[in-house]
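Undergrad: Pasting data-v6.tsv here (TSV, C-alpha atoms):
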```tsv
chain	number	residue	atom	x	y	z
I	1	MET	CA	129.53	67.57	97.82
I	2	THR	CA	132.88	69.24	97.05
I	3	GLY	CA	131.43	70.58	93.81
I	4	ARG	CA	129.32	72.96	95.88
I	5	ALA	CA	132.18	74.72	97.58
I	6	PRO	CA	133.16	77.03	94.70
I	7	ARG	CA	129.54	78.01	94.16
I	8	LEU	CA	129.08	78.69	97.86
I	9	LEU	CA	132.22	80.83	97.91
I	10	ALA	CA	131.10	82.72	94.84
I	11	GLY	CA	127.73	83.29	96.47
I	12	LEU	CA	129.27	84.58	99.69
I	13	LEU	CA	131.56	86.89	97.76
I	14	ALA	CA	128.65	88.22	95.72
I	15	ALA	CA	126.61	88.79	98.89
I	16	CYS	CA	129.49	90.70	100.50
I	17	LEU	CA	130.04	92.83	97.41
I	18	ALA	CA	126.34	93.60	97.18
I	19	GLY	CA	126.34	94.57	100.86
I	20	SER	CA	122.98	92.84	101.16
I	21	SER	CA	124.04	90.67	104.05
I	22	ALA	CA	125.07	93.56	106.32
I	23	PRO	CA	123.38	93.54	109.71
I	24	ALA	CA	120.33	95.74	110.10
I	25	GLY	CA	121.77	98.54	112.21
I	26	ASP	CA	124.62	99.31	109.88
I	27	MET	CA	122.94	98.72	106.56
I	28	LEU	CA	125.32	100.26	104.03
I	29	ASP	CA	122.76	101.00	101.39
I	30	LYS	CA	119.59	102.00	103.23
I	31	ARG	CA	116.73	102.48	100.83
I	32	SER	CA	113.10	103.45	101.14
I	33	GLY	CA	110.53	101.08	99.68
I	34	ALA	CA	109.73	103.89	97.23
I	35	ASP	CA	113.08	103.22	95.50
I	36	PHE	CA	111.85	99.76	94.53
I	37	MET	CA	108.56	100.96	93.04
I	38	SER	CA	107.59	101.44	89.40
I	39	PRO	CA	108.05	104.95	87.98
I	40	GLU	CA	104.24	105.23	87.82
I	41	ASN	CA	103.82	104.57	91.54
I	42	ARG	CA	106.69	106.90	92.40
I	43	ALA	CA	105.06	109.63	90.34
I	44	MET	CA	101.73	109.00	92.08
I	45	GLN	CA	103.37	109.51	95.48
I	46	ALA	CA	105.35	112.56	94.41
I	47	ASP	CA	102.38	114.53	93.08
I	48	ASP	CA	100.02	115.69	95.85
I	49	MET	CA	97.22	116.03	93.29
I	50	SER	CA	97.42	112.33	92.41
I	51	ASN	CA	98.54	110.86	95.75
I	52	PRO	CA	95.40	109.26	97.26
I	53	GLY	CA	96.98	109.52	100.72
I	54	MET	CA	96.48	113.29	100.55
I	55	PHE	CA	92.75	112.77	101.07
I	56	ALA	CA	93.55	111.36	104.50
I	57	VAL	CA	95.88	114.29	105.22
I	58	LEU	CA	93.15	116.78	104.25
I	59	ASP	CA	90.59	114.94	106.39
I	60	GLY	CA	93.13	115.00	109.20
I	61	GLU	CA	93.51	118.76	108.90
I	62	GLU	CA	89.78	119.19	109.28
I	63	LEU	CA	89.72	116.92	112.35
I	64	TRP	CA	92.69	118.80	113.81
I	65	ASN	CA	90.63	121.97	113.86
I	66	ARG	CA	87.30	120.44	114.97
I	67	PRO	CA	86.27	120.76	118.66
I	68	GLU	CA	85.71	117.31	120.20
I	69	GLY	CA	84.67	115.67	123.44
I	70	ALA	CA	83.36	116.93	126.76
I	71	ASN	CA	85.84	119.80	126.73
I	72	GLY	CA	84.81	120.98	123.28
I	73	ARG	CA	88.44	121.54	122.50
I	74	SER	CA	90.20	120.89	119.19
I	75	CYS	CA	93.76	119.73	118.71
I	76	ALA	CA	94.49	123.19	117.33
I	77	GLY	CA	93.01	124.72	120.49
I	78	CYS	CA	96.11	123.60	122.43
I	79	HIS	CA	98.70	122.86	119.73
I	80	GLY	CA	97.93	125.72	117.32
I	81	GLU	CA	99.31	125.44	113.82
I	82	ALA	CA	100.34	121.85	113.17
I	83	ALA	CA	102.86	123.03	110.59
I	84	THR	CA	104.82	124.52	113.49
I	85	SER	CA	103.93	122.49	116.57
I	86	MET	CA	103.94	119.05	114.91
I	87	ARG	CA	106.95	119.62	112.67
I	88	GLY	CA	109.48	116.83	113.26
I	89	VAL	CA	107.32	115.01	115.82
I	90	ALA	CA	106.83	111.89	113.68
I	91	THR	CA	110.60	111.56	113.20
I	92	ARG	CA	110.90	110.85	116.95
I	93	TYR	CA	108.11	108.27	117.41
I	94	PRO	CA	107.52	105.81	119.03
I	95	ALA	CA	108.48	107.74	122.16
I	96	PHE	CA	108.53	106.87	125.86
I	97	ASP	CA	105.16	107.38	127.52
I	98	GLU	CA	105.52	108.47	131.16
I	99	ARG	CA	102.04	107.39	132.15
I	100	SER	CA	102.27	103.76	130.99
I	101	GLY	CA	106.03	103.40	131.37
I	102	ARG	CA	106.16	101.99	127.85
I	103	PRO	CA	106.76	103.20	124.30
I	104	ILE	CA	103.77	104.71	122.56
I	105	ASP	CA	103.27	105.23	118.83
I	106	LEU	CA	101.93	108.35	117.16
I	107	ALA	CA	98.39	107.00	116.81
I	108	GLY	CA	98.50	105.93	120.45
I	109	ARG	CA	99.58	109.42	121.51
I	110	ILE	CA	96.75	110.99	119.55
I	111	GLY	CA	94.35	108.57	121.25
I	112	GLU	CA	95.75	109.47	124.68
I	113	CYS	CA	95.39	113.18	123.95
I	114	ARG	CA	91.77	112.64	122.93
I	115	ARG	CA	91.06	110.69	126.09
I	116	THR	CA	92.78	112.87	128.65
I	117	ARG	CA	92.66	116.40	127.14
I	118	GLN	CA	89.56	116.39	124.99
I	119	GLU	CA	87.69	113.78	127.02
I	120	ALA	CA	86.39	112.43	123.72
I	121	SER	CA	85.35	108.91	122.78
I	122	PRO	CA	88.27	106.73	121.65
I	123	LEU	CA	88.91	106.27	117.94
I	124	PRO	CA	89.24	102.59	117.00
I	125	HIS	CA	92.50	101.31	115.49
I	126	GLU	CA	92.55	101.76	111.72
I	127	SER	CA	89.40	103.95	111.80
I	128	PRO	CA	89.44	106.57	109.01
I	129	GLU	CA	89.50	109.35	111.64
I	130	LEU	CA	92.54	108.00	113.50
I	131	ILE	CA	94.37	107.25	110.25
I	132	ALA	CA	93.57	110.76	109.00
I	133	LEU	CA	94.78	112.51	112.16
I	134	THR	CA	97.94	110.38	112.26
I	135	ALA	CA	98.59	111.03	108.57
I	136	TYR	CA	98.10	114.79	109.07
I	137	VAL	CA	100.50	114.91	112.02
I	138	ALA	CA	103.12	112.69	110.34
I	139	HIS	CA	102.82	114.72	107.13
I	140	GLN	CA	104.21	117.74	109.03
I	141	SER	CA	107.54	115.86	109.11
I	142	ARG	CA	107.64	115.04	105.41
I	143	GLY	CA	111.16	115.51	104.08
I	144	MET	CA	112.79	115.33	107.52
I	145	PRO	CA	115.18	112.52	108.55
I	146	ILE	CA	113.94	109.81	110.90
I	147	SER	CA	115.64	110.59	114.23
I	148	PRO	CA	114.76	108.09	116.98
I	149	PRO	CA	115.07	109.49	120.52
I	150	GLN	CA	118.18	108.40	122.40
I	151	ASP	CA	116.15	107.64	125.50
I	152	GLU	CA	117.64	104.88	127.67
I	153	ARG	CA	114.18	103.92	128.89
I	154	LEU	CA	113.36	102.73	125.36
I	155	ALA	CA	116.39	100.46	125.03
I	156	GLN	CA	114.89	97.26	126.43
I	157	PHE	CA	111.73	97.67	124.31
I	158	ARG	CA	113.77	98.34	121.17
I	159	GLU	CA	115.84	95.26	121.91
I	160	ASN	CA	112.68	93.22	122.21
I	161	GLY	CA	111.58	94.65	118.87
I	162	ARG	CA	114.82	93.43	117.34
I	163	ARG	CA	114.22	89.97	118.79
I	164	LEU	CA	110.74	89.91	117.30
I	165	TYR	CA	112.18	91.04	113.96
I	166	GLU	CA	114.62	88.17	113.95
I	167	ARG	CA	112.27	85.50	115.30
I	168	ARG	CA	111.01	82.90	112.86
I	169	ILE	CA	107.25	82.48	113.14
I	170	GLY	CA	104.29	80.80	111.48
I	171	GLN	CA	103.88	77.64	109.48
I	172	LEU	CA	106.33	79.06	106.93
I	173	ASP	CA	108.91	79.59	109.70
I	174	LEU	CA	110.18	82.96	108.48
I	175	SER	CA	111.39	86.05	110.31
I	176	CYS	CA	111.24	89.64	109.06
I	177	ALA	CA	115.04	89.47	108.79
I	178	SER	CA	114.91	86.34	106.58
I	179	CYS	CA	113.66	88.46	103.72
I	180	HIS	CA	114.12	92.16	104.50
I	181	ASP	CA	117.74	92.00	105.72
I	182	ALA	CA	119.19	89.13	103.77
I	183	ARG	CA	117.26	89.16	100.50
I	184	TRP	CA	116.05	92.65	99.70
I	185	GLY	CA	116.18	93.51	96.03
I	186	GLU	CA	115.22	89.94	95.11
I	187	ARG	CA	111.72	89.08	93.94
I	188	LEU	CA	108.97	87.41	95.95
I	189	GLY	CA	106.56	86.30	93.24
I	190	GLY	CA	106.23	89.33	91.01
I	191	SER	CA	107.15	91.90	93.69
I	192	VAL	CA	110.55	93.26	94.58
I	193	MET	CA	111.48	92.64	98.22
I	194	PRO	CA	112.11	96.02	99.89
I	195	GLN	CA	114.26	96.60	102.97
I	196	GLY	CA	111.14	97.13	105.04
I	197	HIS	CA	111.69	100.67	106.34
I	198	PRO	CA	108.55	102.34	107.72
I	199	THR	CA	109.25	105.74	106.17
I	200	ALA	CA	105.85	106.64	104.77
I	201	TYR	CA	103.07	105.57	107.16
I	202	PRO	CA	100.17	105.96	107.20
I	203	LEU	CA	100.28	105.23	103.48
I	204	TYR	CA	98.04	104.43	100.56
I	205	ARG	CA	98.42	100.85	99.42
I	206	LEU	CA	97.04	99.95	96.01
I	207	GLU	CA	96.48	96.40	97.26
I	208	TRP	CA	94.31	97.77	100.09
I	209	GLN	CA	92.70	100.51	98.04
I	210	ALA	CA	92.97	102.45	101.28
I	211	VAL	CA	95.26	104.36	103.59
I	212	GLY	CA	96.49	102.17	106.45
I	213	SER	CA	98.97	101.98	109.28
I	214	LEU	CA	102.29	100.24	109.76
I	215	GLN	CA	100.53	97.86	112.16
I	216	ARG	CA	98.17	96.82	109.38
I	217	ARG	CA	101.17	96.14	107.15
I	218	LEU	CA	103.03	94.18	109.84
I	219	ARG	CA	99.94	92.07	110.42
I	220	ASN	CA	99.69	91.38	106.67
I	221	CYS	CA	103.21	89.93	106.69
I	222	MET	CA	102.47	87.82	109.77
I	223	ILE	CA	99.32	86.43	108.16
I	224	GLY	CA	101.39	85.82	105.01
I	225	VAL	CA	103.79	83.52	106.85
I	226	ARG	CA	100.75	81.82	108.39
I	227	ALA	CA	101.43	83.09	111.90
I	228	GLU	CA	99.01	84.30	114.54
I	229	ALA	CA	99.20	88.07	114.02
I	230	PHE	CA	99.56	90.37	117.03
I	231	ALA	CA	96.39	92.38	117.67
I	232	PHE	CA	96.25	96.06	116.69
I	233	GLY	CA	97.79	98.07	119.50
I	234	ALA	CA	99.67	95.06	120.93
I	235	PRO	CA	102.90	96.03	122.73
I	236	GLU	CA	104.83	93.73	120.38
I	237	LEU	CA	103.80	95.76	117.33
I	238	ILE	CA	104.96	98.99	118.98
I	239	GLU	CA	108.26	97.37	119.95
I	240	LEU	CA	108.71	96.20	116.37
I	241	GLU	CA	108.06	99.76	115.16
I	242	LEU	CA	110.57	101.06	117.68
I	243	TYR	CA	113.25	98.77	116.28
I	244	LEU	CA	112.26	99.45	112.67
I	245	MET	CA	112.51	103.23	113.15
I	246	GLU	CA	115.99	102.84	114.64
I	247	ARG	CA	116.89	100.63	111.69
I	248	ALA	CA	115.52	103.30	109.32
I	249	ALA	CA	117.26	106.21	111.08
I	250	GLY	CA	118.37	108.87	108.61
I	251	LEU	CA	115.86	107.97	105.91
I	252	THR	CA	113.35	110.66	105.03
I	253	VAL	CA	109.72	110.74	106.21
I	254	GLU	CA	107.44	110.46	103.16
I	255	THR	CA	103.96	110.48	104.69
I	256	PRO	CA	101.63	109.96	102.97
I	257	GLY	CA	103.42	107.29	100.96
I	258	VAL	CA	102.07	105.24	98.09
I	259	ARG	CA	102.96	101.56	97.83
I	260	PRO	CA	101.84	98.74	95.54
M	1	MET	CA	131.49	63.80	106.39
M	2	ARG	CA	128.49	66.09	106.86
M	3	TRP	CA	126.63	66.03	110.13
M	4	TRP	CA	123.55	64.58	108.53
M	5	ASN	CA	125.42	61.70	106.94
M	6	SER	CA	124.08	59.16	109.32
M	7	LEU	CA	121.01	57.05	109.22
M	8	CYS	CA	118.21	58.80	111.01
M	9	VAL	CA	114.85	57.37	111.79
M	10	LEU	CA	112.10	59.85	112.50
M	11	ALA	CA	109.20	58.67	114.56
M	12	MET	CA	106.78	61.54	114.12
M	13	LEU	CA	104.31	62.17	116.90
M	14	ALA	CA	100.68	62.36	115.96
M	15	PRO	CA	99.35	65.92	116.27
M	16	PRO	CA	96.16	66.34	118.28
M	17	ALA	CA	92.80	65.74	116.57
M	18	ALA	CA	91.98	67.40	113.24
M	19	ALA	CA	94.97	66.77	111.00
M	20	GLU	CA	96.05	63.34	109.86
M	21	PRO	CA	99.21	62.18	111.67
M	22	LEU	CA	102.48	62.59	109.78
M	23	ARG	CA	103.82	59.38	108.31
M	24	PRO	CA	107.19	58.19	109.51
M	25	TYR	CA	110.09	58.35	107.05
M	26	VAL	CA	113.72	57.31	106.97
M	27	VAL	CA	116.53	59.75	106.13
M	28	GLU	CA	119.55	58.13	104.54
M	29	GLY	CA	122.45	60.52	104.05
M	30	ASP	CA	120.87	63.58	102.47
M	31	ALA	CA	117.91	61.74	101.00
M	32	ILE	CA	114.59	60.08	101.77
M	33	THR	CA	114.74	57.23	99.33
M	34	ARG	CA	111.32	55.75	99.84
M	35	SER	CA	108.02	57.39	98.90
M	36	LEU	CA	106.13	58.78	101.92
M	37	THR	CA	103.00	57.00	100.71
M	38	GLY	CA	104.65	53.86	99.39
M	39	ARG	CA	103.42	54.82	95.91
M	40	PRO	CA	104.84	57.03	93.17
M	41	GLY	CA	103.31	60.50	92.89
M	42	ASP	CA	101.37	62.04	90.04
M	43	ALA	CA	103.69	64.41	88.15
M	44	GLU	CA	100.84	66.23	86.42
M	45	ASN	CA	99.22	67.07	89.76
M	46	GLY	CA	102.67	67.97	91.06
M	47	ARG	CA	103.04	70.49	88.26
M	48	ARG	CA	99.71	72.08	89.23
M	49	LEU	CA	100.77	72.18	92.88
M	50	VAL	CA	104.15	73.79	92.15
M	51	MET	CA	102.34	76.50	90.16
M	52	ASP	CA	99.83	77.10	92.97
M	53	ARG	CA	100.63	80.50	94.48
M	54	HIS	CA	98.49	80.00	97.58
M	55	ARG	CA	99.02	76.39	98.67
M	56	SER	CA	102.52	75.22	97.80
M	57	LEU	CA	103.87	78.77	97.29
M	58	CYS	CA	106.90	77.23	95.47
M	59	ILE	CA	107.15	79.80	92.70
M	60	LEU	CA	106.88	82.75	95.05
M	61	CYS	CA	110.57	82.04	95.79
M	62	HIS	CA	111.74	79.75	92.95
M	63	ALA	CA	111.75	80.29	89.23
M	64	ALA	CA	110.65	77.22	87.26
M	65	PRO	CA	110.05	76.27	83.63
M	66	LEU	CA	106.36	77.14	83.96
M	67	PRO	CA	104.07	79.91	82.64
M	68	ASP	CA	104.32	83.55	83.83
M	69	PRO	CA	108.06	83.76	84.58
M	70	HIS	CA	107.65	87.45	85.56
M	71	LEU	CA	105.54	86.32	88.54
M	72	GLN	CA	108.17	83.86	89.76
M	73	GLY	CA	110.50	84.68	92.61
M	74	THR	CA	114.27	84.96	92.82
M	75	LEU	CA	114.65	84.38	96.58
M	76	ALA	CA	115.81	80.80	95.98
M	77	PRO	CA	117.54	78.81	93.20
M	78	THR	CA	115.63	77.95	90.05
M	79	LEU	CA	113.87	74.61	89.94
M	80	ALA	CA	114.94	74.15	86.31
M	81	GLY	CA	117.30	71.19	86.18
M	82	ALA	CA	116.46	70.05	89.71
M	83	GLY	CA	115.95	66.55	88.36
M	84	SER	CA	119.47	66.53	86.88
M	85	ARG	CA	121.20	67.98	89.93
M	86	LEU	CA	119.49	65.84	92.54
M	87	SER	CA	118.15	62.33	92.87
M	88	GLU	CA	114.49	61.68	93.64
M	89	GLY	CA	115.38	60.88	97.26
M	90	GLN	CA	117.45	64.05	97.62
M	91	ILE	CA	114.57	66.13	96.25
M	92	ARG	CA	112.14	64.43	98.65
M	93	LEU	CA	114.19	65.33	101.75
M	94	ARG	CA	114.62	68.91	100.53
M	95	VAL	CA	110.85	69.31	100.17
M	96	VAL	CA	110.04	67.48	103.40
M	97	ASP	CA	112.51	69.34	105.61
M	98	MET	CA	115.25	71.39	103.97
M	99	LYS	CA	116.43	72.68	107.36
M	100	ARG	CA	117.82	69.26	108.23
M	101	LEU	CA	120.46	70.01	105.60
M	102	VAL	CA	120.72	73.80	105.87
M	103	PRO	CA	119.49	74.94	109.29
M	104	ASP	CA	119.31	78.62	108.36
M	105	SER	CA	117.58	78.03	105.03
M	106	ILE	CA	114.48	80.16	104.43
M	107	MET	CA	112.73	77.21	102.79
M	108	PRO	CA	109.86	76.03	104.98
M	109	ALA	CA	109.70	72.35	105.91
M	110	TYR	CA	106.74	71.09	103.89
M	111	TYR	CA	106.18	67.98	105.99
M	112	ARG	CA	106.79	68.94	109.58
M	113	THR	CA	104.55	70.35	112.29
M	114	GLY	CA	106.91	70.64	115.27
M	115	GLY	CA	109.51	73.24	116.14
M	116	LEU	CA	107.40	76.14	114.86
M	117	ALA	CA	106.35	79.27	116.76
M	118	GLN	CA	103.13	81.29	116.75
M	119	VAL	CA	101.46	79.27	113.99
M	120	ALA	CA	98.00	80.57	113.00
M	121	ALA	CA	95.19	78.39	114.36
M	122	SER	CA	94.00	77.26	110.93
M	123	PHE	CA	97.47	75.91	110.06
M	124	ARG	CA	98.45	74.51	113.45
M	125	ASP	CA	99.50	70.85	113.54
M	126	ARG	CA	99.18	70.57	109.78
M	127	PRO	CA	102.05	70.14	107.37
M	128	ILE	CA	102.09	72.57	104.41
M	129	LEU	CA	101.40	69.68	102.01
M	130	THR	CA	100.04	66.18	102.61
M	131	ALA	CA	102.19	63.10	102.01
M	132	GLU	CA	100.35	62.50	98.72
M	133	GLU	CA	100.98	66.07	97.60
M	134	ILE	CA	104.66	65.86	98.53
M	135	GLU	CA	104.95	62.76	96.34
M	136	ASP	CA	103.19	64.55	93.47
M	137	VAL	CA	105.59	67.51	93.76
M	138	VAL	CA	108.61	65.18	93.91
M	139	ALA	CA	107.34	63.28	90.84
M	140	PHE	CA	107.13	66.59	88.94
M	141	LEU	CA	110.49	67.96	90.08
M	142	VAL	CA	112.40	64.83	88.94
M	143	THR	CA	111.10	65.52	85.41
M	144	LEU	CA	112.87	68.93	85.35
M	145	LYS	CA	116.02	67.81	83.56
M	146	GLU	CA	116.94	71.27	82.17
```
Kindly transcribe the structure held in the file into structure tokens.
TA:
Amino acid sequence: MTGRAPRLLAGLLAACLAGSSAPAGDMLDKRSGADFMSPENRAMQADDMSNPGMFAVLDGEELWNRPEGANGRSCAGCHGEAATSMRGVATRYPAFDERSGRPIDLAGRIGECRRTRQEASPLPHESPELIALTAYVAHQSRGMPISPPQDERLAQFRENGRRLYERRIGQLDLSCASCHDARWGERLGGSVMPQGHPTAYPLYRLEWQAVGSLQRRLRNCMIGVRAEAFAFGAPELIELELYLMERAAGLTVETPGVRP
Amino acid sequence: MRWWNSLCVLAMLAPPAAAEPLRPYVVEGDAITRSLTGRPGDAENGRRLVMDRHRSLCILCHAAPLPDPHLQGTLAPTLAGAGSRLSEGQIRLRVVDMKRLVPDSIMPAYYRTGGLAQVAASFRDRPILTAEEIEDVVAFLVTLKE
């Protein structure tokens, strides 16, 4: 057994030098998933004419201006130009929702606005319309740094998100942290393990051949470790997002992103 | 002396219905010397299992002297030379339940159903591989002499 000690020491030293074992909050080398992509995929994201996520943004713009519900009001009817009124909003979500006393994500806020202001029928999770509206609103923050609100009321939910992030689940007994904190940059099968920062949602995933939400992505990972995935809209998924956005603070919003 | 360097006898509890109950095994030091089935495994089937990206998942994390190296992971040490570095019994314990040796290892226990949280219904109370499959994998890994 003594033969292992030098190797273990060398490994620890290498991990320290690489900075890859730093705790989440103070990650030294925070990097968007885009940094780990092929040049082709990066180019696809960078060019609005080839980024498939822009179709969702354009659909979202149309929906933004379309009167809906019993009130016959559009989003623009109250909020005006999204380029002005929605600028920077996505950098601050999830935010504290006074009505429910809980954090709410951007898609949830759009749903609430539809329900209470427009008196329109709810849009299902992951529906093209909700994805499009969320993508359009988040797109107004593209290029801005993620800046989570310093709202004390969010603290306990963010802390729960951290616990969920670090909790091993499923038959494979893995936590998010097992891979995305401790082993980013390594390869899982043929894919490079990113740090797992939600900088670009909703985003176009080649694997999905569709634009989808962070919740869809989180559920994919849970199913991957053979765990019971939280349902769309579950408080746990919003708490996870709350923690992830804090962890990603300072990185730039990319919506709509492209990922493999 | 390492904490696991004592003779441990595991009396596994039978999971409810569906899945076949886990077979008991004896841990000696850092090894399970005896085959879980009482028979040697089939190395050729073990090779197929190790390559299987959906069932055993081995090469998602480990590189191995097998086809398509660009689709093999680097999250864990290479399996090349495993049969030179470790005895058959040491390999068996590492496949069955690596966390007995390294509690914070990311390697799943391939022959354990307890101590897990939020397991999806279709995998609940089932080990990742059956006792026969574990033996096949072990039989293949001991052939990897580097």
Undergrad: For range 124-130 of chain M, list every protein, DNA or RNA residue within 8 Å, evaluated using only C-alpha atoms, and leave out those in the same chain fewer than 4 positions away; present the list as a list in words.
TA: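 Listed by chain and then number, they are Gln171 of chain I; Pro15, Pro16, Ala19, Glu20, Leu22, Arg55, Ser56, Ala109, Tyr110, Tyr111, Arg112, Thr113, Gly114, Val119, Ala120 and Ile134 of chain M.
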Undergrad: Mind writing the picked residues with C-alpha atoms as an mmCIF file, in the coordinates of the input?
TA:
```cif
data_model
loop_
_atom_site.group_PDB
_atom_site.id
_atom_site.type_symbol
_atom_site.label_atom_id
_atom_site.label_comp_id
_atom_site.auth_asym_id
_atom_site.auth_seq_id
_atom_site.Cartn_x
_atom_site.Cartn_y
_atom_site.Cartn_z
ATOM 1 C CA GLN I 171 103.880 77.640 109.480
ATOM 2 C CA PRO M 15 99.350 65.920 116.270
ATOM 3 C CA PRO M 16 96.160 66.340 118.280
ATOM 4 C CA ALA M 19 94.970 66.770 111.000
ATOM 5 C CA GLU M 20 96.050 63.340 109.860
ATOM 6 C CA LEU M 22 102.480 62.590 109.780
ATOM 7 C CA ARG M 55 99.020 76.390 98.670
ATOM 8 C CA SER M 56 102.520 75.220 97.800
ATOM 9 C CA ALA M 109 109.700 72.350 105.910
ATOM 10 C CA TYR M 110 106.740 71.090 103.890
ATOM 11 C CA TYR M 111 106.180 67.980 105.990
ATOM 12 C CA ARG M 112 106.790 68.940 109.580
ATOM 13 C CA THR M 113 104.550 70.350 112.290
ATOM 14 C CA GLY M 114 106.910 70.640 115.270
ATOM 15 C CA VAL M 119 101.460 79.270 113.990
ATOM 16 C CA ALA M 120 98.000 80.570 113.000
ATOM 17 C CA ILE M 134 104.660 65.860 98.530
#
```
Undergrad: Give me, as a PyMOL selection string, the residues of chain M touching chain I, with the criterion being at most 6 Å (counting only C-alpha atoms).
TA: chain M and resi 60-61+70-75+108+117-120
Undergrad: Just C-alpha atoms for this one: save the residues we selected as a PDB file, keeping the file's coordinate frame.
TA:
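Result written to again.pdb:
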```pdb
ATOM      1  CA  LEU M  60     106.880  82.750  95.050  1.00  0.00           C
ATOM      2  CA  CYS M  61     110.570  82.040  95.790  1.00  0.00           C
ATOM      3  CA  HIS M  70     107.650  87.450  85.560  1.00  0.00           C
ATOM      4  CA  LEU M  71     105.540  86.320  88.540  1.00  0.00           C
ATOM      5  CA  GLN M  72     108.170  83.860  89.760  1.00  0.00           C
ATOM      6  CA  GLY M  73     110.500  84.680  92.610  1.00  0.00           C
ATOM      7  CA  THR M  74     114.270  84.960  92.820  1.00  0.00           C
ATOM      8  CA  LEU M  75     114.650  84.380  96.580  1.00  0.00           C
ATOM      9  CA  PRO M 108     109.860  76.030 104.980  1.00  0.00           C
ATOM     10  CA  ALA M 117     106.350  79.270 116.760  1.00  0.00           C
ATOM     11  CA  GLN M 118     103.130  81.290 116.750  1.00  0.00           C
ATOM     12  CA  VAL M 119     101.460  79.270 113.990  1.00  0.00           C
ATOM     13  CA  ALA M 120      98.000  80.570 113.000  1.00  0.00           C
TER      14      ALA M 120
END
```
Undergrad: Would you pick out the contacts of Cys58 in chain M at 9 Å or less, using only C-alpha atoms, so that residues sharing its chain but fewer than 4 positions from it are not included, and give the list as a PDB file with C-alpha atoms, in the frame of the given file?
TA:
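Saved file selection.pdb follows:
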```
ATOM      1  CA  LEU M  49     100.770  72.180  92.880  1.00  0.00           C
ATOM      2  CA  VAL M  50     104.150  73.790  92.150  1.00  0.00           C
ATOM      3  CA  MET M  51     102.340  76.500  90.160  1.00  0.00           C
ATOM      4  CA  ASP M  52      99.830  77.100  92.970  1.00  0.00           C
ATOM      5  CA  ARG M  53     100.630  80.500  94.480  1.00  0.00           C
ATOM      6  CA  HIS M  62     111.740  79.750  92.950  1.00  0.00           C
ATOM      7  CA  ALA M  63     111.750  80.290  89.230  1.00  0.00           C
ATOM      8  CA  GLN M  72     108.170  83.860  89.760  1.00  0.00           C
ATOM      9  CA  GLY M  73     110.500  84.680  92.610  1.00  0.00           C
TER      10      GLY M  73
END
```
Undergrad: Show me, as a ChimeraX atom specification, the residues that have an atom within 10 Å of Gly196 in chain I when counting only C-alpha atoms, minus same-chain residues fewer than 4 positions from it.
TA: /I:30-33,176-177,179-181,184,218,244,247-248
Undergrad: If the box runs along x, y and z of the file and leaves 3 Å on each side of range 113-123 of chain M, what are its centre and edge lengths in Å, one decimal, as JSON?
TA:
```
{"center_x": 101.8, "center_y": 75.8, "center_z": 113.4, "size_x": 21.5, "size_y": 16.9, "size_z": 12.7}
```
Undergrad: List every protein, DNA or RNA residue with an atom no more than 7 Å from (106.3, 109.1, 106.2) in the file's coordinates, counting only C-alpha atoms, and format the result as number ranges by chain.
TA: I: 138-139, 142, 199-202, 253-257
Undergrad: What gap, in Å, lies between CA of Ala107 in chain I and CA of Leu130 in chain I?
TA: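 Pair CA of Ala107 in chain I / CA of Leu130 in chain I returns 6.8 Å.
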Undergrad: I'd like the interatomic distance between CA of Ile146 in chain I and CA of Ser50 in chain I, to a tenth of an Å.
TA: 24.9 Å
Undergrad: Skipping near chain neighbours, those fewer than 5 positions away, what residues fall within 8 Å of Asp59 in chain I using only C-alpha atoms, listed as a JSON list (two decimals) with C-alpha atoms, in the frame of the given file?
TA:
```
[["chain", "number", "residue", "atom", "x", "y", "z"],
["I", 129, "GLU", "CA", 89.50, 109.35, 111.64],
["I", 132, "ALA", "CA", 93.57, 110.76, 109.00],
["I", 133, "LEU", "CA", 94.78, 112.51, 112.16],
["I", 136, "TYR", "CA", 98.10, 114.79, 109.07]]
```
Undergrad: Check the smallest atom-to-atom distance from each of I:Gly111, I:Gly72, I:Pro128, I:Gly77 to Gly60 in chain I using all atoms listed in the file, then report the winner.
TA: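 The shortest atom-to-atom distance to Gly60 in chain I comes from I:Pro128.
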Undergrad: Expressed in Å to a single decimal, how great is the separation between CA of Ile91 in chain M and CA of Glu132 in chain M?
TA: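 A separation of 14.9 Å between them.
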Undergrad: Would you mind listing what lies within 10 Å of Val137 in chain I as a CSV table (one decimal) with C-alpha atoms, in the frame of the given file, with only C-alpha atoms counted and same-chain residues fewer than 5 positions away left out?
TA:
```
chain,number,residue,atom,x,y,z
I,57,VAL,CA,95.9,114.3,105.2
I,60,GLY,CA,93.1,115.0,109.2
I,61,GLU,CA,93.5,118.8,108.9
I,64,TRP,CA,92.7,118.8,113.8
I,82,ALA,CA,100.3,121.8,113.2
I,83,ALA,CA,102.9,123.0,110.6
I,85,SER,CA,103.9,122.5,116.6
I,86,MET,CA,103.9,119.0,114.9
I,87,ARG,CA,107.0,119.6,112.7
I,88,GLY,CA,109.5,116.8,113.3
I,89,VAL,CA,107.3,115.0,115.8
I,90,ALA,CA,106.8,111.9,113.7
I,106,LEU,CA,101.9,108.4,117.2
I,107,ALA,CA,98.4,107.0,116.8
I,110,ILE,CA,96.8,111.0,119.6
I,131,ILE,CA,94.4,107.2,110.2
I,132,ALA,CA,93.6,110.8,109.0
I,142,ARG,CA,107.6,115.0,105.4
I,255,THR,CA,104.0,110.5,104.7
```
Undergrad: For Gly38 in chain M, which of M:Arg94, M:Met107, M:Ser84, M:Ala131 is the closest residue, counting all atoms listed in the file?
TA: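 Residue with the minimum atom-to-atom distance to Gly38 in chain M: M:Ala131.
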